[in-house]
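The block underneath contains the structure these notes are about, expressed in structure tokens.
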Amino acid sequence: MSALLNNQENFLGEVNLKEVHISEMDSIKLMPDLIIASQIKQAKLQAQLQQRRTIEVLEELTGYDQESFLIALSRTLHFSAVSMKELNDLTADFETVSFSAAQKKECLAFNSTKNDLIIAFADPFNESLQEWVIENIKRPFTWRLAHPKDIAAFLARFEETMRAMDDLHDSSNNIATEADETVVNLSLKSINEDTNPIVKLINSTLYDALKVGASDIHLECSSTGLSVKYRIDGVMASVGGMQGSDSADQAISRVKVMAQLDIAERRIPQDGRFKVVIQGREVDFRVSIMPSVFGEDAVLRVLDRKALSEEAQGLSLQALGFDAKIISQFRRLAKEPYGMVLVTGPTGSGKTTSLYAAISEVNTGHDKIITIEDPVEYQLPGVLQIPVNEKKGLTFARGLRSILRHDPDKIMVGEIRDSETAQIAVQAALTGHLVFTTVHANSVLDVIGRFMHMGVDPYNFVAAMNGIMAQRLIRTICPHCAEDYQPDDQLLLDSAITPEQSNHMHFKFAKGCGHCRGTGYRGRKAVAELLILNDELREMIVAREPIRKLKEAAKRSGMHTIREAALEAAGNGLTTLQEINRVTFIA
């Protein structure tokens with residue numbers, strides 16, 4: 001008998017009726033008799049012979065109608081029953097048990113009004129169900145028994161609602177969708193029912209990536225097949241794959257077809273994009289295909305604009321985790337009447353998010369704010385946002401020129417990539433506009449060299465630039481499994497921390513739990529260094545002084561480095577030394 005039945009006190013005929021729970025639907029009719037042990041044994045034998053499920057045969061043997069059978073089975077096995085009416089009054093939690101898993105396992109997750117988790121299941125004779133639930137659900141829950149047909153009807157109703165949302169969304173976007181951009185309609189039912197293993201793999205990968213909040217999907221070909229990895233909170237995690245080099249090639253070809261790329265070309269890199277419509281919302285994927293010794297690798301960047309827009313509501317610098325001094329200084333820069341505010345850092349370090357937080361805070365409705373981005377990641381009310389479209393000739397430089405004729409007060413340029421865009425952005429800052437922008441560099445002082453390399457005159461640069469912030473994102477310790485911790489001497493040495501310094505720090509470490517998927521980390525926070533240009537620094541930049549002298553002058557002006565900010569976070573128990581050593585440069 002299944003381990004799912006372990007909560008019974010006296011199973012199969014020796015039931016203690018004092019402990020029997022009677023649900024609301026029991027009270028509206030006389031309770032049927034208990035199902036005796038011999039009926040269950042007979043049902044199991046017949047089910048084995050007929051290659052059917054025990055629960056189906058048992059219902060036929062008892063002769064009960066659907067509702068009576070559920071009541072009798074729940075009383076016999078000591079489970080609370082849940083009727084179709086009760087199911088309809090609850091809201092399914094498809095984040096805890098996905099739609100496809102609910103169909104396969106015949107179980108549903110619900111959150112009660114008290115936020116308690118309920119698992120409604122249909123087949124108590126399913127030997128593997130309890131093991132699967134315990135392995136995949138890491139929080140306390142209560143079992144409730146439902147009729148298989150009720151769960152099937154609930155899922156069918158949900159799927160119909162979801163398809164209606166998809167159809168409505170598609171019809172409302174037919175005009176707005178460009179003819180040259182691929183839109184893939186992805187439903188959870190199609191994932192479960194698709195017979196093509198390659199299409200099923202790709203679609204399942206896309207859905208699961210959205211579920212866990214991955215920022216990138218990596219499809220990597222090897223000599224043995226295809227491996228699938230997600231980047232979650234900035235760290236790569238392997239999630240599965242497919243054996244066979246032919247299957248790997250077909251999977252990459254499927255992605256190329258979705259992104260409208262040349263499937264016959266396998267020798268040069270290719271870039272594309274496609275959209276997925278899932279549960280009534282559009283999600284963009286940017287695709288990069290790169291040739292390798294084993295074929296081709298693909299990286300898909302997830303751009304879930306609706307989720308980002310929801311995050312942007314109430315977005316602030318405080319919410320991003322910056323320390324109080326950085327917040328105060330950056331807010332002051334964002335409120336200046338003109339000049340340039342620049343954020344730098346590697347890809348995925350949260351540069352755009354920081355700029356949006358600053359814009360959200362200063363967006364009072366009294367200024368004309370225009371952004372040009374590739375792509376538009378957040379959707380902010382009261383802000384004119386322009387997406388770059390290089391296929392149509394709308395580049396950053398061309399769009400920025402047009403923006404200046406649109407009477408803006410504040411401008412955001414998603415990224416300065418070339419000399420032309422840099423020159424126009426600096427001129428905009430010099431002519432009375434406040435320009436927010438980003439550039440790829442490792443530190444605030446590296447930005448100076450980047451602009452000089454792009455041919456920007458040093459005098460114009462220092463006249464336009466108000467401040468530069470470099471930032472990184474570090475994972476924070478899971479609060480549910482964090483413990484006090486004292487690093488060993490070797491780790492302190494590798495982290496460039498003296499024993500005397502460590503005496504004033506409060507370190508923590510997390511071993512991993514269900515809340516953090518066993519990683520020990522949950523969420524991320526930003527750490528940054530902020531350089532506010534003063535007269536001394538401006539004179540040194542114009543004179544092209546060495547970086548060493550600029551760094552000394554910046555420290556004299558009160559600038560703290562990213563490493564110092566990260567060490568402070570680790571010393572306060574917000575993250576670990578291992579994490580800050582991974583993200584920041586050890587000086």
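Chain labels follow the order of the structure tokens: the first chain is A, the next B, and so on; residue numbering restarts at 1 in every chain, and ligands are counted from 1 in their shown order.
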
Excluding Ala397 (chain A) and its own-chain neighbours fewer than 2 positions away, which residues fall within 10 Å of it when counting only C-alpha atoms? Please give them as a ChimeraX atom specification.
/A:372,388,394-395,399-403,413,416-425

Skip region 436-443 of chain A itself and residues of its chain fewer than 5 positions away, then list as a PyMOL selection string all residues within 9 Å of it, counting only C-alpha atoms.
chain A and resi 334+339-347+351-352+355+359+371+410-417+425+450+469-471+529+561-562

Can I get the selected residues back with N, CA, C and O atoms, as a compact mmCIF listing (two decimals), in the first residue's frame?
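Printed below is again_18.txt as written:
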# COMPACT_ATOMS: atom_id res chain seq x y z
N ALA A 334 20.24 62.73 -9.51
CA ALA A 334 19.06 62.55 -10.35
C ALA A 334 18.15 63.78 -10.35
O ALA A 334 17.28 63.90 -11.22
N GLY A 339 23.03 68.00 -17.14
CA GLY A 339 24.25 67.22 -16.98
C GLY A 339 24.01 65.76 -17.32
O GLY A 339 22.96 65.39 -17.86
N MET A 340 24.98 64.92 -16.99
CA MET A 340 24.89 63.50 -17.30
C MET A 340 25.10 62.67 -16.04
O MET A 340 26.02 62.92 -15.26
N VAL A 341 24.23 61.69 -15.85
CA VAL A 341 24.35 60.71 -14.77
C VAL A 341 24.55 59.35 -15.44
O VAL A 341 23.70 58.90 -16.21
N LEU A 342 25.65 58.71 -15.14
CA LEU A 342 26.03 57.50 -15.85
C LEU A 342 26.18 56.33 -14.88
O LEU A 342 26.75 56.48 -13.80
N VAL A 343 25.64 55.17 -15.26
CA VAL A 343 25.77 53.94 -14.48
C VAL A 343 26.54 52.93 -15.32
O VAL A 343 26.24 52.76 -16.51
N THR A 344 27.51 52.27 -14.71
CA THR A 344 28.33 51.32 -15.46
C THR A 344 28.41 50.00 -14.72
O THR A 344 28.11 49.90 -13.53
N GLY A 345 28.83 49.00 -15.44
CA GLY A 345 28.96 47.66 -14.88
C GLY A 345 28.79 46.64 -15.99
O GLY A 345 28.38 46.97 -17.11
N PRO A 346 29.08 45.37 -15.72
CA PRO A 346 28.95 44.34 -16.75
C PRO A 346 27.48 44.03 -17.04
O PRO A 346 26.57 44.50 -16.36
N THR A 347 27.25 43.23 -18.07
CA THR A 347 25.89 42.81 -18.42
C THR A 347 25.26 42.08 -17.24
O THR A 347 25.88 41.22 -16.62
N LYS A 351 22.14 47.79 -14.17
CA LYS A 351 22.30 49.21 -14.52
C LYS A 351 20.97 49.85 -14.90
O LYS A 351 20.62 50.93 -14.39
N THR A 352 20.23 49.20 -15.80
CA THR A 352 18.96 49.77 -16.25
C THR A 352 17.96 49.88 -15.11
O THR A 352 17.23 50.87 -14.99
N LEU A 355 18.70 52.98 -13.09
CA LEU A 355 18.27 54.20 -13.76
C LEU A 355 16.75 54.36 -13.70
O LEU A 355 16.24 55.46 -13.49
N ILE A 359 14.62 57.42 -12.16
CA ILE A 359 13.62 58.13 -12.95
C ILE A 359 12.25 58.06 -12.28
O ILE A 359 11.50 59.04 -12.25
N THR A 371 12.82 58.12 -23.07
CA THR A 371 13.88 57.12 -23.06
C THR A 371 14.00 56.49 -24.44
O THR A 371 13.03 56.40 -25.18
N LYS A 410 14.28 65.48 -19.35
CA LYS A 410 15.18 64.40 -18.94
C LYS A 410 15.16 63.32 -20.01
O LYS A 410 14.11 62.99 -20.57
N ILE A 411 16.35 62.77 -20.29
CA ILE A 411 16.50 61.77 -21.34
C ILE A 411 17.23 60.57 -20.76
O ILE A 411 18.18 60.73 -19.98
N MET A 412 16.78 59.39 -21.14
CA MET A 412 17.54 58.19 -20.80
C MET A 412 17.96 57.49 -22.08
O MET A 412 17.13 57.17 -22.93
N VAL A 413 19.25 57.28 -22.22
CA VAL A 413 19.81 56.54 -23.35
C VAL A 413 20.22 55.17 -22.81
O VAL A 413 21.09 55.08 -21.94
N GLY A 414 19.57 54.11 -23.31
CA GLY A 414 19.78 52.78 -22.76
C GLY A 414 21.23 52.37 -22.66
O GLY A 414 21.65 51.79 -21.65
N GLU A 415 22.02 52.68 -23.68
CA GLU A 415 23.44 52.31 -23.66
C GLU A 415 24.19 53.14 -24.67
O GLU A 415 23.72 53.34 -25.79
N ILE A 416 25.36 53.62 -24.28
CA ILE A 416 26.26 54.30 -25.22
C ILE A 416 27.21 53.27 -25.79
O ILE A 416 28.06 52.73 -25.08
N ARG A 417 27.05 52.98 -27.08
CA ARG A 417 27.82 51.91 -27.71
C ARG A 417 28.88 52.43 -28.68
O ARG A 417 29.81 51.71 -29.01
N ALA A 425 25.01 62.47 -26.79
CA ALA A 425 24.60 62.45 -25.39
C ALA A 425 25.31 63.55 -24.60
O ALA A 425 24.69 64.23 -23.77
N ARG A 450 36.93 54.97 -21.52
CA ARG A 450 35.99 54.57 -22.57
C ARG A 450 35.56 55.78 -23.40
O ARG A 450 35.53 55.73 -24.64
N MET A 469 28.30 56.04 -11.45
CA MET A 469 28.12 54.97 -10.47
C MET A 469 28.41 53.62 -11.13
O MET A 469 27.87 53.32 -12.18
N ALA A 470 29.28 52.85 -10.51
CA ALA A 470 29.55 51.48 -10.94
C ALA A 470 28.90 50.54 -9.93
O ALA A 470 28.99 50.77 -8.72
N GLN A 471 28.27 49.48 -10.40
CA GLN A 471 27.55 48.62 -9.48
C GLN A 471 27.67 47.15 -9.85
O GLN A 471 28.03 46.79 -10.97
N GLU A 529 29.91 51.82 -6.18
CA GLU A 529 30.82 52.93 -5.90
C GLU A 529 30.34 54.11 -6.72
O GLU A 529 29.92 53.95 -7.87
N THR A 561 34.89 52.10 -2.64
CA THR A 561 34.88 51.20 -3.79
C THR A 561 33.79 50.14 -3.63
O THR A 561 33.23 49.93 -2.55
N ILE A 562 33.51 49.47 -4.75
CA ILE A 562 32.55 48.36 -4.73
C ILE A 562 33.00 47.29 -3.76
O ILE A 562 32.19 46.71 -3.02

Pick out the closest residue to Gly467 (chain A) from this set: A:Gln329, A:Gln270, A:Asn581, A:Asn389. Count only C-alpha atoms.
A:Gln329

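Near Ala209 (chain A), within a cut-off of 10 Å and counting only C-alpha atoms, sit the residues A:Asn203, A:Ser204, A:Thr205, A:Leu206, A:Val212, A:Gly213, A:Ala214, A:Ser215, A:Asp216, A:Ile217, A:Lys229, A:Tyr230, A:Arg231, A:Ile232, A:Val239, A:Val302, with same-chain residues fewer than 3 positions away left out.
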
With a distance cut-off of 12 Å and only C-alpha atoms, select the neighbouring residues of Arg267 (chain A), excluding the residue or stretch itself and same-chain residues fewer than 5 positions from it, and output the selection as a list in words.
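My list of contacting residues is Asp262, Ile289, Met290, Pro291, Ser292, Val293, Phe294, Gly295, Glu296 and Asp297 of chain A.
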
Selection file, N, CA, C and O atoms, as a short mmCIF file (atom, residue, chain, number, x, y, z; two decimals), in the first residue's frame:
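New file part-v2.cif:
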data_model
loop_
_atom_site.label_atom_id
_atom_site.label_comp_id
_atom_site.auth_asym_id
_atom_site.auth_seq_id
_atom_site.Cartn_x
_atom_site.Cartn_y
_atom_site.Cartn_z
N ASP A 262 18.91 31.64 -40.17
CA ASP A 262 19.26 30.72 -41.25
C ASP A 262 19.71 29.39 -40.65
O ASP A 262 20.79 29.30 -40.05
N ILE A 289 23.23 32.84 -31.40
CA ILE A 289 23.72 31.53 -31.83
C ILE A 289 25.21 31.65 -32.10
O ILE A 289 25.66 32.56 -32.80
N MET A 290 25.98 30.73 -31.53
CA MET A 290 27.44 30.77 -31.67
C MET A 290 27.96 29.40 -32.10
O MET A 290 27.62 28.39 -31.50
N PRO A 291 28.78 29.34 -33.18
CA PRO A 291 29.35 28.04 -33.59
C PRO A 291 30.35 27.53 -32.56
O PRO A 291 31.04 28.31 -31.91
N SER A 292 30.41 26.21 -32.42
CA SER A 292 31.37 25.60 -31.50
C SER A 292 31.94 24.34 -32.14
O SER A 292 31.53 23.94 -33.22
N VAL A 293 32.86 23.71 -31.45
CA VAL A 293 33.51 22.51 -32.01
C VAL A 293 32.53 21.35 -32.11
O VAL A 293 32.76 20.40 -32.87
N PHE A 294 31.44 21.39 -31.33
CA PHE A 294 30.46 20.30 -31.36
C PHE A 294 29.19 20.68 -32.09
O PHE A 294 28.20 19.96 -32.04
N GLY A 295 29.17 21.81 -32.77
CA GLY A 295 27.98 22.25 -33.48
C GLY A 295 27.73 23.72 -33.25
O GLY A 295 28.52 24.57 -33.68
N GLU A 296 26.66 24.02 -32.52
CA GLU A 296 26.33 25.40 -32.19
C GLU A 296 25.75 25.46 -30.79
O GLU A 296 25.09 24.53 -30.32
N ASP A 297 25.99 26.58 -30.10
CA ASP A 297 25.39 26.86 -28.80
C ASP A 297 24.42 28.02 -28.95
O ASP A 297 24.61 28.90 -29.81
#

Quick one, how far is CA of Ile151 (chain A) from CA of Asn196 (chain A)?
26.6 Å

What's the 8 Å shell around Ala120 (chain A), counting only C-alpha atoms, without same-chain residues fewer than 6 positions away, as a list of chain:residue names?
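These residues fall inside the cut-off: A:Val82, A:Cys107, A:Leu108, A:Ala109, A:Phe110, A:Trp143, A:Arg144, A:Leu145, A:Ala146.
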
Expected file: the selected residues, N, CA, C and O atoms, as a compact mmCIF listing (two decimals), in the first residue's frame:
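Okay, part-v8.txt is ready:
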# COMPACT_ATOMS: atom_id res chain seq x y z
N VAL A 82 -12.61 17.11 -0.59
CA VAL A 82 -12.86 18.43 -1.16
C VAL A 82 -13.74 18.25 -2.40
O VAL A 82 -13.40 17.47 -3.29
N CYS A 107 -3.05 16.12 -9.21
CA CYS A 107 -3.04 16.80 -7.92
C CYS A 107 -2.93 18.30 -8.16
O CYS A 107 -2.38 18.75 -9.17
N LEU A 108 -3.46 19.06 -7.22
CA LEU A 108 -3.49 20.52 -7.33
C LEU A 108 -2.98 21.13 -6.04
O LEU A 108 -3.21 20.58 -4.96
N ALA A 109 -2.32 22.26 -6.16
CA ALA A 109 -1.89 23.02 -4.98
C ALA A 109 -2.79 24.25 -4.82
O ALA A 109 -3.09 24.93 -5.81
N PHE A 110 -3.24 24.50 -3.61
CA PHE A 110 -4.06 25.67 -3.31
C PHE A 110 -3.51 26.35 -2.07
O PHE A 110 -2.96 25.71 -1.17
N TRP A 143 -3.02 17.33 3.08
CA TRP A 143 -3.61 16.53 2.01
C TRP A 143 -5.13 16.68 2.02
O TRP A 143 -5.77 16.70 3.07
N ARG A 144 -5.74 16.78 0.84
CA ARG A 144 -7.19 16.73 0.68
C ARG A 144 -7.51 15.82 -0.50
O ARG A 144 -6.87 15.91 -1.56
N LEU A 145 -8.49 14.95 -0.32
CA LEU A 145 -8.84 13.97 -1.35
C LEU A 145 -9.95 14.53 -2.25
O LEU A 145 -10.99 14.99 -1.75
N ALA A 146 -9.75 14.49 -3.56
CA ALA A 146 -10.74 14.96 -4.54
C ALA A 146 -11.03 13.83 -5.52
O ALA A 146 -10.25 12.89 -5.68

I need the residues of region 308-510 of chain A that end up classed as strand (DSSP E or B) by DSSP on the backbone, written out as a ChimeraX atom specification.
/A:339-344,369-373,384-387,389,394,410-413,434-439,465-477,482-484,508-510

Could you name the residues that touch Arg273 (chain A) at 8 Å or less, counting only C-alpha atoms, but leaving out those on the same chain fewer than 2 positions away, as a PyMOL selection string?
chain A and resi 181-182+258-260+271+275+284-287

As a PDB file with C-alpha atoms, in the first residue's frame, please: the residues near region 47-61 of chain A (cut-off 12 Å, only C-alpha atoms, same-chain neighbours under 3 positions excluded).
ATOM      1  CA  MET A   1       0.000   0.000   0.000  1.00  0.00           C
ATOM      2  CA  ILE A  35     -15.290   0.757   1.850  1.00  0.00           C
ATOM      3  CA  ILE A  36     -14.143  -2.545   3.297  1.00  0.00           C
ATOM      4  CA  ALA A  37     -10.722  -4.112   2.901  1.00  0.00           C
ATOM      5  CA  SER A  38     -11.929  -6.963   0.707  1.00  0.00           C
ATOM      6  CA  GLN A  39     -13.334  -4.503  -1.855  1.00  0.00           C
ATOM      7  CA  ILE A  40     -10.001  -2.697  -2.076  1.00  0.00           C
ATOM      8  CA  LYS A  41      -8.081  -5.956  -2.451  1.00  0.00           C
ATOM      9  CA  GLN A  42     -10.484  -7.163  -5.136  1.00  0.00           C
ATOM     10  CA  ALA A  43     -10.182  -3.815  -6.971  1.00  0.00           C
ATOM     11  CA  LYS A  44      -6.384  -4.065  -6.944  1.00  0.00           C
ATOM     12  CA  TYR A  64     -21.613   4.560  -5.515  1.00  0.00           C
ATOM     13  CA  ASP A  65     -22.208   7.728  -7.478  1.00  0.00           C
ATOM     14  CA  GLN A  66     -19.308  10.151  -7.846  1.00  0.00           C
ATOM     15  CA  GLU A  67     -20.026  12.217  -4.721  1.00  0.00           C
ATOM     16  CA  SER A  68     -20.840   9.242  -2.486  1.00  0.00           C
ATOM     17  CA  PHE A  69     -17.714   7.400  -3.584  1.00  0.00           C
ATOM     18  CA  LEU A  70     -15.528  10.366  -2.642  1.00  0.00           C
ATOM     19  CA  ILE A  71     -17.151  10.599   0.800  1.00  0.00           C
ATOM     20  CA  ALA A  72     -16.806   6.865   1.458  1.00  0.00           C
ATOM     21  CA  LEU A  73     -13.168   6.756   0.297  1.00  0.00           C
ATOM     22  CA  ALA A 122      -7.204  12.141  -6.776  1.00  0.00           C
ATOM     23  CA  ASP A 123      -5.548   8.739  -6.467  1.00  0.00           C
ATOM     24  CA  PRO A 124      -4.440   7.520  -3.009  1.00  0.00           C
ATOM     25  CA  PHE A 125      -3.256   4.282  -4.617  1.00  0.00           C
ATOM     26  CA  ASN A 126      -0.613   6.067  -6.696  1.00  0.00           C
ATOM     27  CA  GLU A 127       2.605   4.700  -5.204  1.00  0.00           C
ATOM     28  CA  ALA A 146     -10.738  14.956  -4.538  1.00  0.00           C
ATOM     29  CA  HIS A 147     -12.514  12.934  -7.192  1.00  0.00           C
ATOM     30  CA  PRO A 148     -10.410  12.375 -10.353  1.00  0.00           C
ATOM     31  CA  LYS A 149     -13.180  13.781 -12.546  1.00  0.00           C
TER      32      LYS A 149
END

Separation of CA of Phe94 (chain A) from CA of Leu77 (chain A), in Å and rounded to one decimal:
26.7 Å

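Note that the spacing between CA of Ile327 (chain A) and CA of His506 (chain A) amounts to 23.7 Å.
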
Pick the closest to Val376 (chain A) from A:Met465, A:Leu303, A:Met452, A:Leu34: which is it, counting only C-alpha atoms?
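So, comparing all the options, the nearest one is A:Leu303.
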
In terms of only C-alpha atoms, the residue from A:Asp374, A:Glu361, A:Leu537, A:Ser354 at minimal distance from Phe322 (chain A) is A:Ser354

Which one is closest to Trp132 (chain A): A:Ala156, A:Leu430, A:Ile118, A:Ala102? Count only C-alpha atoms.
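Between A:Ala156, A:Leu430, A:Ile118, A:Ala102, the residue approaching Trp132 (chain A) most closely is A:Ala102.
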